[in-house]
Every structure is written in structure tokens, then in C-alpha cells.
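See structure below.
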Amino acid sequence: MALIRITSPHAHRAGSTGNVMLTVLIATLPGLAALTFFFGWGSLIQIIWGTLLAVAMEAAIVRLRKRPVSFYLTDYSAVVTAVLLGLALPPFAPWWVMTVGIIVAIVIAKQLYGGMGNNPFNPAMVAYALLLVSFPVQMTNWAAPFVMTGEGWSVLSLGETLGAIFGSAGTAVDAHTMATPLDIMRHRGGFTTEEMWVENALLANGIGAWHAVSAAYFMGGVFLLYKKIFTWHTPVAMLGSLTIISTLFYLLMPDQFPDPFFHLTAGATMLGAFYIATDPVTSATSNRGKLWFGAGIGLLIFVIRSWGNYPDSVAFAVLLMNLCAPFIDQYTQPRSYGHAKPNRGMK
Amino acid sequence: MANDYRKITLDGLWDNNPALVQLLGLCPLLAVTGTVVNAIGLGLASTIVLMGSNLSISMFRKFIPESVRLPVFVMIIASFVTCIELLMQAFTYELYTILGIFIPLIVTNCAIMGRADAFAIKNPVGASLLDGAMMGLGFTSVLVVLGGMREILGLGTLFSDMQLLFGPAAESWKLVILDDYVGFLFAILPPGAFVGMGLLIALKNIIDKRLEERRKQPATPVEPSGESRRVRVTGNIS
């Protein structure tokens with residue numbers, strides 16, 4: 001939360017919140033395209049359903065709070081929350097998972113705290129963490145990429161996917177779902193990491209799909225950096241600290257810890273680094289603060305992935321660092337022009 | 001005096017509710033309200049302890065020196081809790097095992113200590129007993145509402161396992177609200193209790209605000225008094 005005002009010189013940027021959010025939405029397109037290409041229509045349907053719900057919820061709550069509805073809807077922050085949640089949810093998750101998620105994200109995590117700009121936690125990640133804790137079965141059943149099912153491009157058809165999401169849980173979906181690489185890594189039993197790849201030959205073939213999705217997120221992130229939507233500090237610090245710590249453990253104990261490239265490309269690392277950790281509302285404010293903020297997320301991701309109970313940890317890591325952001329802000333106030341030392345702590 | 005008793009009752013049940021307003025005893029409140037039966041069990045146990053401790057502390061209030069009053073309170077409360085624990089072990093053994101550590105922990109429930117120090121030590125026996133009963137009932141009702149909310153959301157049932165407390169006849173009380181309910185694990189886990197508690201407090205504040213507004217509105221709007229006669233026009237008109 002931006003508690004501290006940064007002193008001059010201000011770099012001035014044209015553009016409203018709405019424009020920034022629209023740019024973020026555009027930047028998620030490559031990732032969405034990659035997800036749809038490799039895993040089927042699920043993510044697209046989740047995002048459309050989530051967006052409809054989010055806009056309706058936002059409008060309803062803003063109206064209840066007697067605030068101007070169209071003003072708050074045209075900053076598109078509700079849409080961004082829905083899109084991020086849609087990208088993070090498993091493609092074939094039933095419709096009520098998204099519904100519960102959006103209610104939690106928009107009503108509880110965002111509007112109850114005072115709406116856009118006042119929420120201490122990233123709404124999409126609050127919803128994701130709650131869903132993961134509440135519905136572990138539905139939330140860990142990720143779609144299998146088509147490269148693993150064999151014969152050419154054979155994802156579920158649009159109709160079948162709609163049936164899987166909005167109908168009763170069909171058996172057609174079961175053939176098209178699997179655990180994510182992180183989940184397999186987590187529950188590999190006594191195998192070393194090397195044996196795991198040998199045991200799961202299919203996964204070794206299919207991991208390319210996850211690499212491609214991460215690469216697409218990375219491209220979108222670079223586009224956002226180029227558009228100066230955020231500075232390089234948070235993503236670089238987050239990916240850097242994750243790389244350093246995972247390399248360290250990989251070199252020390254290569255049997256027990258996956259290589260750093262796996263950490264960078266699996267799960268939501270790239271999504272988190274460029275779209276979630278950079279949220280201007282819930283992250284640290286100053287550049288030095290953003291470095292600490294990002295580094296903390298990277299470190300926590302590794303710690304929770306390696307020793308925690310849940311396979312992926314980006315949501316938990318981001319939420320924990322959201323909690324630290326005001327504290328980081330307090331201790332990383334930049335030197336104001338004309339003063340020798342930065343202000344520190346409470347005065 | 002009757003007015004006084006009315007105030008004690010209202011205070012315990014609503015205005016100064018130990019759970020919703022004083023926010024005391026949150027640890028058992030959040031920990032055991034997964035189902036209605038747990039909530040009723042712990043609520044009744046706390047109420048009985050609260051009544052007993054208020055009664056005896058009020059009886060001995062002239063003999064308790066102020067400097068050692070807190071240890072004395074703890075001794076009295078602990079003896080009542082031990083009685084309750086043994087009673088529950090004897091008559092509702094299964095519920096006793098479910099509630100586990102939270103029965104002995106009633107000793108540390110701040111609501112009980114708070115009432116002893118804030119009320120029972122200063123007031124006569126009758127008022128103290130009523131205060132204990134009403135505070136206990138207020139606490140229990142919040143537990144039950146929260147337990148009901150969490151049971152419906154989390155398990156899709158209401159009043160399940162009531163036989164643990166009310167004997168075999170109560171087995172049929174169980175209501176299945178939704179068939180094939182997936183189960184909302186979050187509501188059962190402690191974070192769900194925090195969120196539910198927050199919503200309950202918000203609800204109480206809304207109701208209080210509405211009541212306040214209704215009270216403020218004058219019964220009949222003040223009529224302007226006929227023709228106005230303004231004689232003096234110099235100076236400030238206010």
C-alpha cells in the first residue's frame with residue numbers, strides 16, 4: 001500500500017488508471033493465447049465468466065457504497081483481477097470455483113477494504129489462496145497439454161469444455177487432466193529429481209507446454225516494462241532471488257532440489273513476477289523497497305515450494321510480502337532532495 | 001432496580017456482548033465453532049462457569065482483599081471449570097473429546113475474568129448471577145450463530161451430531177441443506193471463523209446504526225409557528 005509520498009523529482013507519466021489496466025490486459029494476451037493453444041478453451045471460458053461476475057459484483061458493491069458506478073468500472077481494475085484469477089485457475093475448474101473466487105476477491109479482499117487503491121492484499125491472490133485451501137481437489141487438477149495426449153492437436157472441444165465447467169463433473173474431463181509439474185515434483189515420493197523425469201516420461205515430453213506459457217508471460221511482461229507500466233525492480237529482484245537460492249540448493253543437493261530453470265518456468269512464477277508482484281497498490285513504493293519486496297517473494301516461493309504443504313506458492317508468497325509492504329516502505333524511504341540522509345522509521 | 005436488571009440483560013445479550021463488543025474469549029470462539037453442537041457445548045459450559053464464578057465472587061466480595069483478587073478469581077474459576085470438565089467427561093464423553101483442550105481453557109477465557117473483575121466484585125449476588133447468565137447467553141448465542149454459519153457453508157448441514165449433547169433422540173435433528181455439497185473447507189478452518197466473526201460484528205454495527213438513526217428522527221416534524229414577526233432588522237440576522 002502506498003503509504004509514503006515519494007518526494008521530487010517526479011517522473012510524470014500521462015495516463016489514467018484505466019489506461020494502465022488496459023495495457024496490463026493487452027499484455028496478458030500472449031499468455032492467454034499460449035494457455036488456450038496448449039490446454040484448450042478452459043482458461044478463456046474462465047476469464048470470460050470471471051469478468052462478467054467481477055463487473056457485476058463491482059457494480060453492485062460500488063452502488064451499495066453510494067459511489068459513482070461508471071467511474072469505478074472504467075478503471076478496469078475489476079477486469080484485471082478477474083483475468084489474473086482466470087489465468088491462475090485450472091482450466092477445467094467448475095463454474096462455482098470461479099464464482100466463489102470472484103466474490104472473495106471483489107467483495108471481501110477489495111471493496112470491504114475500501115475499494116481500488118486501499119486494499120492491502122492483491123485481490124486475485126487472496127481469492128486464489130482461499131480457493132486452494134478450500135477446494136484442493138478442484139484446484140490441483142490442471143489440464144493436460146495436448147503434446148502429452150499424443151495425436152496432434154487434441155484438446156477438448158469448446159462444447160465439451162463448457163460442459164465440464166458449467167455442467168456436472170463429467171468423466172470426459174478426467175482423461176484430459178493431470179497434476180502440474182510442481183505437484184508431481186512435490187509428491188514424487190522417494191524419487192530423486194532425476195528419477196522423477198525418468199519415471200514420468202510423459203511429463204518430460206509435455207513440460208514444453210509449460211515452458212511456452214511462461215515464455216509468453218515473460219514476453220507480455222517485457223512489453224509492460226517497455227510501456228513503463230512498472231519499473232524493472234520488482235520482477236528482476238523476484239526472479240533474481242529465486243534463481244540464486246534455487247541454484248545454491250541445486251548445486252549443493254541436486255538429488256533433492258529441481259534446477260533453477262524448473263523453478264523459473266513452472267507454476268505461476270512468470271505470471272507472479274510481471275503481473276501480480278508489480279501491482280502498484282499492494283507492493284512497496286520506493287525503488288529500493290521494490291527490490292526488497294521482490295526478493296522476499298522470490299525467497300518465499302522457493303521456501304514454500306521446497307518445504308511447504310502446497311505445490312505452488314506464488315499466491316502465498318505474494319500475500320506474505322503484501323503484509324510486509326508498509327513495513328518495507330517505512331524503512332526504504334528515498335533521500336529527499338536537499339537532505340543528506342533519508343528519513344527512517346517513525347518520527 | 002428493575003430497570004437495572006433490564007440494563008444488565010440488554011448489556012449481556014446485545015449492547016456489551018462479550019463476543020461482539022468486548023471481543024473477549026475469541027480463542028475458543030474461533031476454534032470450536034465449526035458446528036452448532038460444538039458451539040452449544042462450549043457455550044453452555046462457559047455460561048455455567050460464568051454464572052458460578054460470578055455468584056461465588058459476589059458472595060465473597062467483602063472478604064477478598066483487592067491486592068490478591070486476581071489469584072482468588074482464578075482459583076474460583078478453575079474449580080468451576082474442573083467441575084464442568086468432569087461432568088462433561090461423565091455425561092457427554094464424545095463431545096468432551098471433540099472439544100478437547102478448549103474445555104480446560106475456559107479458565108483463561110477473558111470474558112469470565114473480565115466479568116468477575118468488572119461486575120461481580122462490586123455488585124450484589126442477584127445482579128451478579130443475572131449478569132453471568134446474560135453474558136454467558138450472549139456469548140453462547142454468538143457461538144451458535146457463528147457455528148451455524150460455518151456448518152452450513154462448510155458442510156452443507158445444520159444441527160448434525162446433536163445426539164452428542166441431547167441424547168439419541170436428537171440424532172434426527174440433522175438438516176441437510178444441500179445434497180451433494182462439495183464442502184467449503186475454508187469455512188471450517190480457523191480463517192473462516194475470523195471472516196465470519198468480522199461479518200457478524202459488521203452486521204451488529206449496521207443494526208446499531210439503523211436503530212440509532214431511527215431514534216434520532218423526531219417523532220413529529222417541528223411545525224413552523226404560524227406567522228413570523230421580525231421586528232428588528234439591523235444587526236446580524238442569524
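To be explicit about the labels: the chains of the C-alpha cells are called A, B, and onward in the order shown, and within each one the residues are counted from 1, while ligands get numbers from 1 in the order they are shown.
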
Can you tell me, as a PDB file with C-alpha atoms, in the first residue's frame, what residues are no more than 9 Å from Leu178 in chain B when counting only C-alpha atoms, ignoring any on the same chain fewer than 5 positions away?
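Okay, result-v3.pdb is ready:
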```
ATOM      1  CA  ILE B 152     -23.955 -24.559   6.574  1.00  0.00           C
ATOM      2  CA  LEU B 155     -20.521 -28.906   5.373  1.00  0.00           C
ATOM      3  CA  GLY B 156     -23.933 -28.075   3.922  1.00  0.00           C
ATOM      4  CA  THR B 157     -25.718 -29.371   7.035  1.00  0.00           C
TER       5      THR B 157
END
```

Residues near Phe38 in chain A, cut-off 7 Å, only C-alpha atoms, skip fewer than 4 positions along chain, as a ChimeraX atom specification: /A:34,145-146,209

Using only C-alpha atoms for the distances, tell me which of A:Phe230, A:Pro254, A:Asp259, A:Pro120 is nearest to Leu320 in chain A.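 The closest residue to Leu320 in chain A is A:Pro120.
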
Close residues, range 130-145 of chain B itself excluded, 6 Å, only C-alpha atoms, min 2 positions apart in chain, as a PDB file with N, CA and C atoms, in the first residue's frame:
```pdb
ATOM      1  N   ILE B   8     -28.840  -4.846  32.736  1.00  0.00           N
ATOM      2  CA  ILE B   8     -27.875  -5.955  32.787  1.00  0.00           C
ATOM      3  C   ILE B   8     -28.169  -6.956  31.685  1.00  0.00           C
ATOM      4  N   THR B   9     -29.467  -7.262  31.524  1.00  0.00           N
ATOM      5  CA  THR B   9     -29.846  -8.226  30.498  1.00  0.00           C
ATOM      6  C   THR B   9     -29.477  -7.732  29.108  1.00  0.00           C
ATOM      7  N   GLY B  12     -25.676  -7.745  28.469  1.00  0.00           N
ATOM      8  CA  GLY B  12     -25.095  -9.063  28.213  1.00  0.00           C
ATOM      9  C   GLY B  12     -25.444  -9.587  26.846  1.00  0.00           C
ATOM     10  N   LEU B  13     -26.739  -9.405  26.478  1.00  0.00           N
ATOM     11  CA  LEU B  13     -27.163 -10.011  25.219  1.00  0.00           C
ATOM     12  C   LEU B  13     -26.772  -9.171  24.023  1.00  0.00           C
ATOM     13  N   ASN B  17     -22.116  -7.161  24.470  1.00  0.00           N
ATOM     14  CA  ASN B  17     -21.934  -8.597  24.232  1.00  0.00           C
ATOM     15  C   ASN B  17     -20.453  -8.979  24.308  1.00  0.00           C
ATOM     16  N   PRO B  18     -20.129  -9.986  25.130  1.00  0.00           N
ATOM     17  CA  PRO B  18     -18.703 -10.302  25.314  1.00  0.00           C
ATOM     18  C   PRO B  18     -17.995 -10.654  24.017  1.00  0.00           C
ATOM     19  N   ALA B  19     -18.697 -11.300  23.074  1.00  0.00           N
ATOM     20  CA  ALA B  19     -18.019 -11.702  21.849  1.00  0.00           C
ATOM     21  C   ALA B  19     -18.022 -10.600  20.807  1.00  0.00           C
ATOM     22  N   VAL B  36     -22.683 -26.489  15.023  1.00  0.00           N
ATOM     23  CA  VAL B  36     -23.584 -25.939  16.030  1.00  0.00           C
ATOM     24  C   VAL B  36     -23.427 -26.672  17.358  1.00  0.00           C
ATOM     25  N   ALA B  39     -20.543 -25.536  19.281  1.00  0.00           N
ATOM     26  CA  ALA B  39     -20.786 -24.189  19.778  1.00  0.00           C
ATOM     27  C   ALA B  39     -21.677 -24.220  21.011  1.00  0.00           C
ATOM     28  N   GLY B  43     -20.510 -23.176  24.628  1.00  0.00           N
ATOM     29  CA  GLY B  43     -21.233 -22.007  25.129  1.00  0.00           C
ATOM     30  C   GLY B  43     -21.894 -22.288  26.465  1.00  0.00           C
ATOM     31  N   THR B  47     -21.113 -20.625  30.032  1.00  0.00           N
ATOM     32  CA  THR B  47     -22.169 -19.923  30.760  1.00  0.00           C
ATOM     33  C   THR B  47     -22.261 -20.405  32.199  1.00  0.00           C
ATOM     34  N   LEU B  50     -19.400 -19.143  34.122  1.00  0.00           N
ATOM     35  CA  LEU B  50     -19.552 -17.696  34.335  1.00  0.00           C
ATOM     36  C   LEU B  50     -20.554 -17.411  35.447  1.00  0.00           C
ATOM     37  N   MET B  51     -21.683 -18.125  35.433  1.00  0.00           N
ATOM     38  CA  MET B  51     -22.676 -17.909  36.485  1.00  0.00           C
ATOM     39  C   MET B  51     -22.111 -18.301  37.833  1.00  0.00           C
ATOM     40  N   ASN B  54     -19.368 -15.789  38.955  1.00  0.00           N
ATOM     41  CA  ASN B  54     -19.952 -14.507  39.339  1.00  0.00           C
ATOM     42  C   ASN B  54     -20.670 -14.618  40.679  1.00  0.00           C
ATOM     43  N   ALA B 127     -27.733  -9.512  41.159  1.00  0.00           N
ATOM     44  CA  ALA B 127     -27.326  -8.836  39.928  1.00  0.00           C
ATOM     45  C   ALA B 127     -26.177  -9.580  39.280  1.00  0.00           C
ATOM     46  N   SER B 128     -25.234 -10.065  40.097  1.00  0.00           N
ATOM     47  CA  SER B 128     -24.072 -10.759  39.538  1.00  0.00           C
ATOM     48  C   SER B 128     -24.480 -12.037  38.846  1.00  0.00           C
ATOM     49  N   GLY B 147     -21.342 -20.826  14.606  1.00  0.00           N
ATOM     50  CA  GLY B 147     -21.262 -22.253  14.325  1.00  0.00           C
ATOM     51  C   GLY B 147     -22.230 -22.653  13.228  1.00  0.00           C
ATOM     52  N   GLY B 148     -23.451 -22.099  13.273  1.00  0.00           N
ATOM     53  CA  GLY B 148     -24.431 -22.407  12.237  1.00  0.00           C
ATOM     54  C   GLY B 148     -23.968 -21.946  10.873  1.00  0.00           C
TER      55      GLY B 148
END
```

Contacts of chain A with chain B up to 9 Å, shortest pair per row, only C-alpha atoms, as a tab-separated table:
```
residue	atom	partner	partner_atom	distance
A:Leu130	CA	B:Phe186	CA	6.8
A:Leu131	CA	B:Phe186	CA	8.0
A:Val133	CA	B:Phe186	CA	6.3
A:Ser134	CA	B:Leu185	CA	4.3
A:Phe135	CA	B:Leu185	CA	6.8
A:Pro136	CA	B:Leu185	CA	8.9
```

Would you mind exporting the chosen residues as a PDB file, in the first residue's frame, restricted to C-alpha atoms?
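After the write, selection17.pdb holds the following:
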```pdb
ATOM      1  CA  LEU A 130      -8.689 -19.180  -0.371  1.00  0.00           C
ATOM      2  CA  LEU A 131      -9.755 -21.442  -3.232  1.00  0.00           C
ATOM      3  CA  VAL A 133      -7.203 -24.007   0.789  1.00  0.00           C
ATOM      4  CA  SER A 134     -10.918 -24.692   0.349  1.00  0.00           C
ATOM      5  CA  PHE A 135     -11.099 -26.877  -2.748  1.00  0.00           C
ATOM      6  CA  PRO A 136      -7.788 -28.724  -3.022  1.00  0.00           C
TER       7      PRO A 136
END
```

Mind pulling up the distance from CA of Leu323 in chain A to CA of Val20 in chain A? 24.0 Å

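The residues of range 25-183 of chain B that DSSP assigns to strand (DSSP E or B) on this backbone come out as Thr157, Leu158, Leu175 and Val176 of chain B.
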
Set the distance at 12 Å and use only C-alpha atoms: which residues neighbour Ile76 in chain B once local chain neighbours fewer than 4 positions away are removed? I'd like the list as a list of chain:residue names.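 My reading of the contact set: B:Val49, B:Leu50, B:Met51, B:Gly52, B:Ser53, B:Asn54, B:Leu55, B:Ser56, B:Ile57, B:Ser58, B:Met59, B:Phe60, B:Ile64, B:Arg69, B:Leu70, B:Pro71, B:Val72, B:Phe80, B:Val81, B:Thr82, B:Cys83, B:Val107, B:Ile112, B:Met113, B:Ala116.
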
With N, CA and C atoms retained, write the just-selected residues as a tab-separated table (two decimals), in the first residue's frame.
```
chain	number	residue	atom	x	y	z
B	49	VAL	N	-19.95	-21.85	34.00
B	49	VAL	CA	-18.78	-21.38	34.75
B	49	VAL	C	-18.93	-19.91	35.10
B	50	LEU	N	-19.40	-19.14	34.12
B	50	LEU	CA	-19.55	-17.70	34.34
B	50	LEU	C	-20.55	-17.41	35.45
B	51	MET	N	-21.68	-18.12	35.43
B	51	MET	CA	-22.68	-17.91	36.48
B	51	MET	C	-22.11	-18.30	37.83
B	52	GLY	N	-21.46	-19.46	37.88
B	52	GLY	CA	-20.91	-19.94	39.15
B	52	GLY	C	-19.87	-18.99	39.69
B	53	SER	N	-18.97	-18.56	38.82
B	53	SER	CA	-17.89	-17.71	39.31
B	53	SER	C	-18.44	-16.35	39.73
B	54	ASN	N	-19.37	-15.79	38.95
B	54	ASN	CA	-19.95	-14.51	39.34
B	54	ASN	C	-20.67	-14.62	40.68
B	55	LEU	N	-21.42	-15.71	40.85
B	55	LEU	CA	-22.18	-15.92	42.09
B	55	LEU	C	-21.24	-15.99	43.28
B	56	SER	N	-20.20	-16.83	43.18
B	56	SER	CA	-19.38	-17.02	44.37
B	56	SER	C	-18.50	-15.80	44.64
B	57	ILE	N	-18.01	-15.18	43.57
B	57	ILE	CA	-17.17	-14.00	43.80
B	57	ILE	C	-17.99	-12.87	44.42
B	58	SER	N	-19.25	-12.75	43.95
B	58	SER	CA	-20.10	-11.73	44.52
B	58	SER	C	-20.41	-12.03	45.99
B	59	MET	N	-20.58	-13.33	46.31
B	59	MET	CA	-20.86	-13.71	47.69
B	59	MET	C	-19.71	-13.35	48.62
B	60	PHE	N	-18.48	-13.58	48.10
B	60	PHE	CA	-17.31	-13.36	48.96
B	60	PHE	C	-16.65	-12.01	48.71
B	64	ILE	N	-12.61	-10.60	49.91
B	64	ILE	CA	-11.47	-10.74	49.01
B	64	ILE	C	-10.66	-9.47	49.04
B	69	ARG	N	-6.88	-10.16	44.51
B	69	ARG	CA	-8.17	-10.58	43.97
B	69	ARG	C	-8.03	-11.45	42.73
B	70	LEU	N	-7.03	-11.14	41.87
B	70	LEU	CA	-6.92	-11.91	40.63
B	70	LEU	C	-6.61	-13.38	40.89
B	71	PRO	N	-5.60	-13.71	41.75
B	71	PRO	CA	-5.39	-15.13	42.05
B	71	PRO	C	-6.64	-15.79	42.63
B	72	VAL	N	-7.37	-15.07	43.46
B	72	VAL	CA	-8.59	-15.65	44.03
B	72	VAL	C	-9.59	-15.96	42.93
B	80	PHE	N	-14.58	-24.25	39.18
B	80	PHE	CA	-15.81	-24.47	38.41
B	80	PHE	C	-15.50	-25.17	37.10
B	81	VAL	N	-14.41	-24.77	36.45
B	81	VAL	CA	-14.07	-25.40	35.17
B	81	VAL	C	-13.78	-26.88	35.38
B	82	THR	N	-13.10	-27.19	36.48
B	82	THR	CA	-12.81	-28.60	36.75
B	82	THR	C	-14.11	-29.39	36.92
B	83	CYS	N	-15.07	-28.81	37.64
B	83	CYS	CA	-16.37	-29.47	37.80
B	83	CYS	C	-17.00	-29.73	36.44
B	107	VAL	N	-10.86	-21.64	31.64
B	107	VAL	CA	-10.25	-20.88	32.74
B	107	VAL	C	-9.66	-19.58	32.23
B	112	ILE	N	-14.82	-14.35	31.30
B	112	ILE	CA	-15.17	-14.74	32.67
B	112	ILE	C	-14.39	-13.90	33.68
B	113	MET	N	-13.08	-13.82	33.47
B	113	MET	CA	-12.25	-12.99	34.34
B	113	MET	C	-12.71	-11.54	34.31
B	116	ALA	N	-15.83	-11.03	36.33
B	116	ALA	CA	-15.54	-11.12	37.76
B	116	ALA	C	-14.98	-9.80	38.26
```

Fewer than 5 positions away in the same chain doesn't count, so skip those; otherwise give me all residues within 10 Å of Gly100 in chain B, counting only C-alpha atoms, as a ChimeraX atom specification. /B:32,85,94-95,105

Go ahead and write the selection's residues with C-alpha atoms as a short mmCIF file (atom, residue, chain, number, x, y, z; two decimals), in the first residue's frame.
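Full text of again.cif as output:
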```cif
data_model
loop_
_atom_site.label_atom_id
_atom_site.label_comp_id
_atom_site.auth_asym_id
_atom_site.auth_seq_id
_atom_site.Cartn_x
_atom_site.Cartn_y
_atom_site.Cartn_z
CA VAL B 32 -14.56 -24.66 18.19
CA GLU B 85 -14.87 -30.82 32.76
CA GLU B 94 -17.73 -37.77 22.86
CA LEU B 95 -18.31 -34.04 22.89
CA LEU B 105 -9.00 -23.44 28.57
#
```

Per DSSP on the backbone, filter range 111-243 of chain A down to the residues in alpha helix (DSSP H) and report them as a PyMOL selection string. chain A and resi 123-134+136-139+146-149+158-166+181-186+193-199+201-226+233-243

What is the CA of Tyr181 in chain B-CA of Gly86 in chain A distance in Å, reported with one decimal?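 Here the two named atoms are 23.4 Å from each other.
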
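Nearest residue to Ala284 in chain A, choosing from A:Leu52, A:Arg5, A:Val62, A:Ile103 and counting only C-alpha atoms: A:Arg5.
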
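By only C-alpha atoms, and with residues fewer than 2 positions from Asn119 in chain A along its chain excluded, the set lying at most 9 Å from it is A:Met1, A:Ala109, A:Lys110, A:Gln111, A:Leu112, A:Tyr113, A:Gly114, A:Gly115, A:Met116, A:Gly117, A:Phe121, A:Asn122, A:Pro123, A:Val281, A:Thr282.
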
Would you pick out the contacts of Leu200 in chain B at 8 Å or less, using only C-alpha atoms, so that residues sharing its chain but fewer than 4 positions from it are not included, and give the list as JSON, numbers by chain? {"B": [20, 146, 196, 204]}

Selected residues written out, C-alpha atoms, as a JSON list (two decimals), in the first residue's frame:
```
[["chain", "number", "residue", "atom", "x", "y", "z"],
["B", 20, "LEU", "CA", -19.27, -8.97, 19.53],
["B", 146, "LEU", "CA", -21.19, -18.48, 14.01],
["B", 196, "GLY", "CA", -17.36, -14.93, 9.77],
["B", 204, "LYS", "CA", -24.25, -5.79, 14.58]]
```

Of the residues A:Trp142, A:Phe261, A:Phe39, A:Tyr76, which is the one nearest to Pro90 in chain A, using only C-alpha atoms? A:Trp142

So the first atom is CA of Val74 in chain B and the second is CA of Pro190 in chain B; what is the distance between them in Å, to one decimal place?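 Here the two named atoms are 27.7 Å from each other.
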
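Among the candidates A:Ile297, A:Gly42, A:Leu291, A:Val24, the residue lying nearest to Gly159 in chain A is A:Gly42 (atoms considered: only C-alpha atoms).
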